[in-house]
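> Data file model_13.cif (mmCIF, C-alpha atoms) is appended below.
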```
data_my_file
loop_
_atom_site.label_atom_id
_atom_site.label_comp_id
_atom_site.auth_asym_id
_atom_site.auth_seq_id
_atom_site.Cartn_x
_atom_site.Cartn_y
_atom_site.Cartn_z
CA MET A 1 76.80 51.96 39.68
CA ALA A 2 79.95 51.99 37.49
CA VAL A 3 78.19 54.05 34.80
CA GLN A 4 76.89 56.43 37.46
CA LEU A 5 80.41 56.80 38.85
CA LYS A 6 81.82 57.88 35.48
CA ALA A 7 79.18 60.61 35.31
CA LEU A 8 80.26 62.13 38.63
CA SER A 9 82.66 65.04 39.08
CA ASP A 10 86.01 64.40 40.79
CA ILE A 11 84.76 65.97 44.02
CA GLU A 12 81.69 63.72 44.00
CA LYS A 13 83.91 60.70 43.29
CA LEU A 14 86.09 61.69 46.24
CA GLU A 15 83.04 61.61 48.52
CA ARG A 16 81.93 58.26 47.02
CA LEU A 17 85.41 56.79 47.61
CA LYS A 18 85.48 57.98 51.22
CA SER A 19 82.10 56.32 51.81
CA ALA A 20 83.17 53.10 50.03
CA TYR A 21 86.37 53.02 52.08
CA GLN A 22 84.38 53.04 55.33
CA ASP A 23 82.11 50.30 53.94
CA ILE A 24 85.14 48.13 53.06
CA LEU A 25 86.61 48.56 56.53
CA ARG A 26 83.25 47.58 58.05
CA GLU A 27 82.95 44.47 55.87
CA ILE A 28 86.54 43.35 56.55
CA ALA A 29 85.97 43.85 60.29
CA LYS A 30 83.33 41.08 60.13
CA VAL A 31 86.18 38.60 59.66
CA ILE A 32 89.43 40.34 60.62
CA ILE A 33 89.84 41.76 64.13
CA GLY A 34 92.36 44.59 64.42
CA GLN A 35 95.16 45.12 61.86
CA ASN A 36 93.61 48.48 60.91
CA ARG A 37 96.96 49.98 59.87
CA ILE A 38 97.77 47.05 57.56
CA ILE A 39 94.29 47.13 55.98
CA ASN A 40 94.61 50.87 55.37
CA GLU A 41 98.04 50.50 53.75
CA ILE A 42 96.93 47.60 51.53
CA LEU A 43 94.02 49.71 50.25
CA ILE A 44 96.39 52.63 49.62
CA ALA A 45 98.63 50.34 47.55
CA LEU A 46 95.66 48.93 45.61
CA LEU A 47 94.31 52.37 44.67
CA SER A 48 97.86 53.53 43.79
CA ARG A 49 98.25 50.58 41.36
CA GLY A 50 101.05 49.23 43.55
CA HIS A 51 101.83 45.81 45.04
CA SER A 52 102.45 44.87 48.68
CA LEU A 53 104.72 42.45 50.51
CA LEU A 54 103.38 41.34 53.92
CA VAL A 55 105.99 40.08 56.36
CA GLY A 56 104.99 38.45 59.63
CA VAL A 57 105.25 35.31 61.73
CA PRO A 58 102.79 32.45 61.00
CA GLY A 59 99.30 32.63 62.42
CA LEU A 60 98.67 36.38 62.11
CA ALA A 61 95.91 35.92 59.46
CA LYS A 62 97.89 37.43 56.57
CA THR A 63 96.34 35.05 54.06
CA LEU A 64 92.85 35.40 55.56
CA LEU A 65 93.14 39.20 55.43
CA ILE A 66 93.95 39.16 51.73
CA SER A 67 91.17 36.71 50.81
CA THR A 68 88.69 38.76 52.90
CA LEU A 69 89.73 41.93 51.07
CA ALA A 70 89.06 40.14 47.76
CA ASP A 71 85.64 39.05 49.08
CA ALA A 72 84.77 42.68 49.89
CA MET A 73 85.40 43.60 46.25
CA ASP A 74 83.90 42.05 43.16
CA LEU A 75 87.31 40.85 41.94
CA LYS A 76 88.76 37.56 40.76
CA PHE A 77 91.13 36.19 43.40
CA ASN A 78 93.78 33.47 43.02
CA ARG A 79 96.17 32.09 45.62
CA ILE A 80 99.54 30.62 44.63
CA GLN A 81 101.32 28.56 47.28
CA PHE A 82 105.03 29.04 46.56
CA THR A 83 107.09 25.87 47.09
CA PRO A 84 110.66 24.88 46.12
CA ASP A 85 109.40 22.79 43.17
CA LEU A 86 107.10 25.48 41.72
CA MET A 87 107.89 26.25 38.07
CA PRO A 88 107.41 29.58 36.23
CA SER A 89 104.75 27.97 33.99
CA ASP A 90 102.80 27.04 37.16
CA ILE A 91 102.32 30.79 37.62
CA THR A 92 101.97 32.20 34.12
CA GLY A 93 100.36 29.24 32.35
CA THR A 94 101.44 26.69 29.76
CA GLU A 95 100.63 25.46 26.26
CA VAL A 96 98.85 22.14 25.87
CA ILE A 97 98.06 20.08 22.76
CA GLU A 98 94.42 19.41 22.03
CA ASP A 99 92.33 18.20 19.10
CA ASP A 100 90.63 20.77 16.88
CA ILE A 101 87.22 19.19 16.22
CA SER A 102 86.58 21.29 13.10
CA THR A 103 89.82 20.33 11.30
CA GLY A 104 90.73 17.07 13.02
CA LYS A 105 94.26 18.38 13.62
CA LYS A 106 96.13 18.85 16.86
CA VAL A 107 96.68 22.46 17.93
CA PHE A 108 98.43 24.25 20.76
CA LYS A 109 96.23 26.03 23.26
CA PHE A 110 97.48 28.35 25.99
CA VAL A 111 96.00 27.53 29.40
CA LYS A 112 96.18 30.59 31.62
CA GLY A 113 97.88 30.24 34.99
CA PRO A 114 96.74 31.63 38.35
CA VAL A 115 98.44 34.99 37.68
CA PHE A 116 95.44 35.80 35.46
CA ALA A 117 93.34 37.33 38.22
CA ASN A 118 92.67 40.75 39.74
CA ILE A 119 94.17 39.96 43.14
CA VAL A 120 96.99 37.42 43.26
CA LEU A 121 98.21 36.11 46.61
CA ALA A 122 101.80 34.87 46.37
CA ASP A 123 101.90 32.91 49.60
CA GLU A 124 105.38 32.46 51.16
CA ILE A 125 107.06 33.91 48.09
CA ASN A 126 110.56 33.34 49.49
CA ARG A 127 110.09 29.54 49.45
CA THR A 128 110.58 29.27 45.68
CA PRO A 129 113.81 29.68 43.64
CA PRO A 130 114.68 33.03 41.96
CA LYS A 131 113.75 31.71 38.48
CA THR A 132 110.15 31.21 39.61
CA GLN A 133 110.07 34.44 41.62
CA ALA A 134 111.12 36.26 38.42
CA ALA A 135 108.03 34.92 36.64
CA LEU A 136 106.07 37.54 38.55
CA LEU A 137 108.39 40.41 37.50
CA GLN A 138 106.86 41.15 34.09
CA ALA A 139 103.34 40.66 35.38
CA MET A 140 103.88 43.09 38.28
CA GLN A 141 105.59 45.77 36.21
CA GLU A 142 103.98 45.52 32.77
CA HIS A 143 100.67 43.83 33.69
CA GLU A 144 101.46 41.38 30.88
CA VAL A 145 102.56 37.78 30.52
CA THR A 146 104.66 36.47 27.63
CA ALA A 147 104.47 32.76 26.85
CA ALA A 148 105.57 30.89 23.69
CA GLY A 149 106.19 34.19 21.90
CA GLU A 150 102.70 35.54 22.61
CA THR A 151 101.95 38.42 24.96
CA TYR A 152 98.77 38.28 27.05
CA THR A 153 97.41 41.34 28.85
CA LEU A 154 96.22 40.86 32.41
CA SER A 155 92.80 42.10 33.50
CA GLU A 156 92.66 45.37 35.41
CA PRO A 157 92.89 46.06 38.24
CA PHE A 158 95.88 43.79 38.84
CA PHE A 159 97.31 43.62 42.36
CA VAL A 160 99.93 41.25 43.78
CA LEU A 161 100.04 40.63 47.52
CA ALA A 162 102.93 38.46 48.67
CA THR A 163 103.51 37.03 52.14
CA GLN A 164 106.81 36.12 53.73
CA ASN A 165 107.79 34.45 57.00
CA PRO A 166 110.76 36.29 58.59
CA ILE A 167 111.63 33.56 61.11
CA GLU A 168 112.19 30.25 59.38
CA GLN A 169 114.97 30.90 56.86
CA GLU A 170 116.03 27.30 56.10
CA GLY A 171 115.11 26.33 52.56
CA THR A 172 114.19 29.90 51.57
CA TYR A 173 115.42 32.12 48.76
CA PRO A 174 115.70 35.82 49.69
CA LEU A 175 113.95 38.08 47.20
CA PRO A 176 116.43 39.82 44.87
CA GLU A 177 116.56 43.63 44.99
CA ALA A 178 114.86 43.96 41.57
CA GLN A 179 111.91 41.92 42.81
CA LEU A 180 111.68 43.80 46.11
CA ASP A 181 111.68 47.13 44.28
CA ARG A 182 108.52 46.08 42.41
CA PHE A 183 106.60 46.19 45.69
CA MET A 184 105.23 49.60 46.61
CA PHE A 185 104.91 48.70 50.29
CA ASN A 186 106.73 46.34 52.63
CA LEU A 187 104.27 45.81 55.49
CA TRP A 188 105.20 44.20 58.81
CA VAL A 189 102.23 42.47 60.42
CA ASP A 190 102.45 42.75 64.21
CA TYR A 191 100.93 40.63 66.95
CA PRO A 192 97.41 41.70 68.01
CA SER A 193 96.81 43.50 71.30
CA GLU A 194 95.56 41.46 74.26
CA ASP A 195 91.95 42.64 73.81
CA GLU A 196 92.09 41.88 70.08
CA GLU A 197 93.53 38.43 70.73
CA VAL A 198 90.68 37.65 73.16
CA GLN A 199 88.14 38.67 70.48
CA ILE A 200 89.98 36.59 67.85
CA ILE A 201 89.88 33.46 70.03
CA LYS A 202 86.17 33.95 70.80
CA TYR A 203 85.33 34.43 67.13
CA THR A 204 87.47 31.65 65.63
CA THR A 205 86.39 29.00 68.16
CA SER A 206 82.65 29.58 67.79
CA ALA A 207 80.16 28.32 65.21
CA TYR A 208 79.46 31.87 64.04
CA PHE A 209 80.83 32.89 60.63
CA ASP A 210 80.13 36.04 58.66
CA LYS A 211 81.03 36.74 55.05
CA PRO A 212 81.73 40.25 53.79
CA LYS A 213 79.44 41.81 51.19
CA LYS A 214 80.73 43.14 47.88
CA VAL A 215 81.43 46.86 48.09
CA LEU A 216 83.36 47.80 44.92
CA SER A 217 83.50 46.40 41.39
CA ALA A 218 86.56 46.21 39.14
CA ASN A 219 85.40 49.17 37.01
CA GLU A 220 84.82 51.32 40.09
CA ILE A 221 88.31 50.53 41.40
CA ILE A 222 89.83 51.47 38.03
CA ASP A 223 87.91 54.78 38.13
CA PHE A 224 89.21 55.48 41.63
CA GLN A 225 92.77 54.57 40.56
CA ASP A 226 92.44 57.13 37.74
CA LEU A 227 91.12 59.65 40.28
CA VAL A 228 94.29 59.20 42.39
CA ARG A 229 96.43 60.14 39.38
CA ARG A 230 94.44 63.37 38.92
CA VAL A 231 94.90 64.54 42.51
CA PRO A 232 96.97 67.78 42.46
CA VAL A 233 100.13 67.94 44.60
CA ALA A 234 101.86 71.10 45.80
CA SER A 235 105.49 71.55 44.70
CA ASN A 236 106.77 71.66 48.27
CA VAL A 237 105.26 68.21 48.95
CA VAL A 238 106.97 66.73 45.88
CA GLN A 239 110.26 68.44 46.83
CA PHE A 240 110.01 66.99 50.35
CA ALA A 241 109.54 63.46 48.99
CA VAL A 242 112.44 63.79 46.54
CA LYS A 243 114.74 65.32 49.16
CA LEU A 244 113.91 62.55 51.63
CA VAL A 245 114.73 59.83 49.09
CA ARG A 246 117.91 61.52 47.88
CA LEU A 247 119.19 61.78 51.45
CA THR A 248 119.10 57.95 51.71
CA ARG A 249 121.98 57.76 49.20
CA PRO A 250 125.39 57.76 50.96
CA ASP A 251 127.22 59.35 47.99
CA GLN A 252 124.71 62.22 47.77
CA ASP A 253 125.91 65.72 48.72
CA GLY A 254 124.40 66.68 52.06
CA ALA A 255 123.63 63.09 53.11
CA PRO A 256 123.76 62.82 56.93
CA LYS A 257 126.76 61.12 58.52
CA PHE A 258 124.61 58.24 59.82
CA VAL A 259 123.48 57.53 56.24
CA LYS A 260 127.10 57.39 55.05
CA ASP A 261 127.98 55.16 58.02
CA TRP A 262 125.08 52.70 57.83
CA ILE A 263 123.75 52.55 54.24
CA GLU A 264 125.38 50.72 51.34
CA TRP A 265 122.74 51.62 48.73
CA GLY A 266 119.92 54.14 49.01
CA ALA A 267 116.47 54.28 47.38
CA GLY A 268 115.90 55.08 43.71
CA PRO A 269 113.39 57.39 41.97
CA ARG A 270 110.65 54.73 42.18
CA ALA A 271 110.57 55.38 45.94
CA SER A 272 109.75 59.08 45.32
CA GLN A 273 106.97 58.06 42.92
CA PHE A 274 105.43 55.71 45.48
CA LEU A 275 105.73 58.30 48.28
CA ILE A 276 103.66 60.77 46.24
CA LEU A 277 101.13 58.16 45.05
CA GLY A 278 100.73 56.88 48.61
CA ALA A 279 100.29 60.42 49.93
CA LYS A 280 97.68 61.18 47.24
CA THR A 281 95.68 58.06 48.04
CA ARG A 282 95.88 58.55 51.80
CA CYS A 283 94.52 62.09 51.57
CA ILE A 284 91.53 61.21 49.36
CA LEU A 285 90.63 58.21 51.52
CA GLU A 286 90.30 60.75 54.32
CA GLY A 287 88.21 63.04 52.11
CA ARG A 288 90.89 65.70 51.50
CA PRO A 289 91.50 67.03 47.97
CA THR A 290 95.30 67.36 48.08
CA PRO A 291 98.11 65.72 50.11
CA GLU A 292 100.32 67.37 52.70
CA ILE A 293 103.84 66.59 53.91
CA ASP A 294 102.34 64.59 56.80
CA ASP A 295 100.78 62.24 54.22
CA VAL A 296 104.23 61.60 52.74
CA LYS A 297 105.65 60.96 56.20
CA ALA A 298 102.82 58.49 56.96
CA VAL A 299 103.81 56.20 54.06
CA THR A 300 107.59 56.66 54.29
CA ILE A 301 108.39 53.56 56.36
CA PRO A 302 106.49 51.00 54.22
CA VAL A 303 107.86 52.59 51.02
CA LEU A 304 111.53 52.83 52.09
CA ARG A 305 111.88 49.87 54.49
CA HIS A 306 112.89 47.39 51.75
CA ARG A 307 114.73 49.87 49.54
CA LEU A 308 117.63 50.69 51.88
CA VAL A 309 120.54 48.25 51.82
CA THR A 310 122.38 48.53 55.14
CA ASN A 311 126.05 47.63 55.59
CA PHE A 312 128.11 45.78 58.18
CA ASN A 313 128.43 48.88 60.38
CA ALA A 314 124.64 49.04 60.77
CA GLU A 315 124.53 45.36 61.69
CA ALA A 316 127.33 45.85 64.22
CA ASP A 317 125.45 48.81 65.74
CA SER A 318 122.16 46.82 65.79
CA VAL A 319 120.54 49.36 63.45
CA ASP A 320 117.97 48.38 60.81
CA SER A 321 116.42 50.31 57.91
CA VAL A 322 113.42 51.45 59.99
CA ASP A 323 115.73 53.04 62.60
CA ILE A 324 117.49 54.93 59.81
CA ILE A 325 114.20 56.08 58.24
CA LYS A 326 112.92 57.41 61.58
CA LYS A 327 116.20 59.26 62.11
CA LEU A 328 115.97 60.73 58.61
CA LEU A 329 112.39 61.92 59.18
CA GLU A 330 113.52 63.71 62.34
CA LYS A 331 116.33 65.40 60.40
CA VAL A 332 114.32 66.44 57.35
#
```
Taking this structure as input, can you express it in the form of structure tokens?

Amino acid sequence: MAVQLKALSDIEKLERLKSAYQDILREIAKVIIGQNRIINEILIALLSRGHSLLVGVPGLAKTLLISTLADAMDLKFNRIQFTPDLMPSDITGTEVIEDDISTGKKVFKFVKGPVFANIVLADEINRTPPKTQAALLQAMQEHEVTAAGETYTLSEPFFVLATQNPIEQEGTYPLPEAQLDRFMFNLWVDYPSEDEEVQIIKYTTSAYFDKPKKVLSANEIIDFQDLVRRVPVASNVVQFAVKLVRLTRPDQDGAPKFVKDWIEWGAGPRASQFLILGAKTRCILEGRPTPEIDDVKAVTIPVLRHRLVTNFNAEADSVDSVDIIKKLLEKV
């Protein structure tokens, strides 16, 4: 199917992606009940070549959702449980000494760590010290790992999904701004509705278990990621995204008073890039050839939520970054 996909025109690929998207949703729904918004945003990030941070209280199936998504695609999946004693080499890999049978000498061999996968789940990423968190930085940005002076390229597609518990803060290490900025989306996983919770309890307490079928291969995902980059965007949509991001900076001319009052640091150019990539992906998943301003607005909260640093005034006024983003969207 991968060879066939390369032979298709962009319009035909768009139709194939829309169909595959519906198939993925159907396969994930065999295991995950509800969470449609989160699933949609994770797929947008994947096709945009971005990474996602999932924040939510324990027991909301964050880990199960990610492993189910990997099952629905023919991708290698690794889970890393972040703990206070985790070392950087536990993520990237390490060199070991072994005997070379042909020469009889001892040689160093690099044993790849769990980061060498297509989908990497960094479970409870804020439970490990900054030194270990930083081990993911190069992998997320460059899709490479450097160990013992050698650089190893990671297999494509490469997608990091990290989870974080917002409640229990004892023994945790907040993610530094540089690490947070590597994530395209910051997704808050909410409690299910009452009807969804009833279905979840019925499903998880029965003997029935269904496994999703493979829908997309690695090569097909790479083709679709390339397709996203080729989607044309009107100048007014790009200008809207850039204006929105620039207005989050308190020292920017024309920044609203509430931004100057509540924000210490605004979002950088990477936010504008992710707004446009997210808008492109959202439109083609819905079968449309080019994004509109509404597509940018739809991905604004997950893109900007973790990129605005609020000050003491915001805390005193019980205002968080999402409140500010909603107020900005009303103004723009």
> Contacts of range 257-261 of chain A at 9 Å or less, counting only C-alpha atoms, minus same-chain residues fewer than 4 places along, as a list in words?
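Contacts, in chain order: Leu247, Thr248, Arg249, Pro250, Asp251, Gly266, Asn311, Asn313, Ala314, Ile324, Lys327 and Leu328 of chain A.
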> Skip range 178-186 of chain A itself and residues of its chain fewer than 4 positions away, then list as a list of chain:residue names all residues within 7 Å of it, counting only C-alpha atoms.
A:Ala45, A:Gly50, A:His51, A:Ser52, A:Leu53, A:Leu54, A:Leu137, A:Met140, A:Gln141, A:Phe274, A:Pro302, A:Val303, A:Arg305, A:His306, A:Arg307
> Suppose a student applies the PyMOL selection byres ((chain A and resi 202-217) around 8) to this structure; what residues should they get, written as a count of residues only?
22
> Wanna dump the range 39-124 of chain A-range 223-237 of chain A contacts at 8 Å for me, each residue with its shortest atom pair and the distance in Å to one decimal, counting all atoms listed in the file, ordered by chain and number, as CSV?

```
residue,atom,partner,partner_atom,distance
A:Leu47,CA,A:Gln225,CA,4.9
A:Ser48,CA,A:Gln225,CA,6.1
A:Arg49,CA,A:Gln225,CA,6.8
```
> Work out how far apart CA of Ser89 in chain A and CA of Thr63 in chain A are and give it in Å to one decimal.
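CA of Ser89 in chain A sits 22.9 Å away from CA of Thr63 in chain A.
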> Of the candidates A:Ile11, A:Ala122, A:Ile293, A:Ile97, which one gets nearest to Gln81 in chain A if we count all atoms listed in the file?
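For Gln81 in chain A, the nearest of the given residues is A:Ala122.
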> Please write as a list of chain:residue names the list of polymer residues whose atoms come within 9 Å of (101.9, 58.8, 49.0), counting only C-alpha atoms and keeping to the coordinates of the file.
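Those residues, ordered by chain and then number, are A:Ile44, A:Ser48, A:Ala241, A:Ser272, A:Gln273, A:Phe274, A:Leu275, A:Ile276, A:Leu277, A:Gly278, A:Ala279, A:Lys280, A:Thr281, A:Arg282, A:Cys283, A:Pro291, A:Asp295, A:Val296, A:Lys297, A:Ala298, A:Val299, A:Thr300, A:Val303.
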> Report the distance between CA of Val309 in chain A and CA of Glu264 in chain A in Å, rounded to one decimal place.
5.5 Å
> Can you tell me how far CA of Gly287 in chain A sits from CA of Val245 in chain A, in Å to one decimal?
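Computed distance, CA of Gly287 in chain A to CA of Val245 in chain A, equals 26.9 Å.
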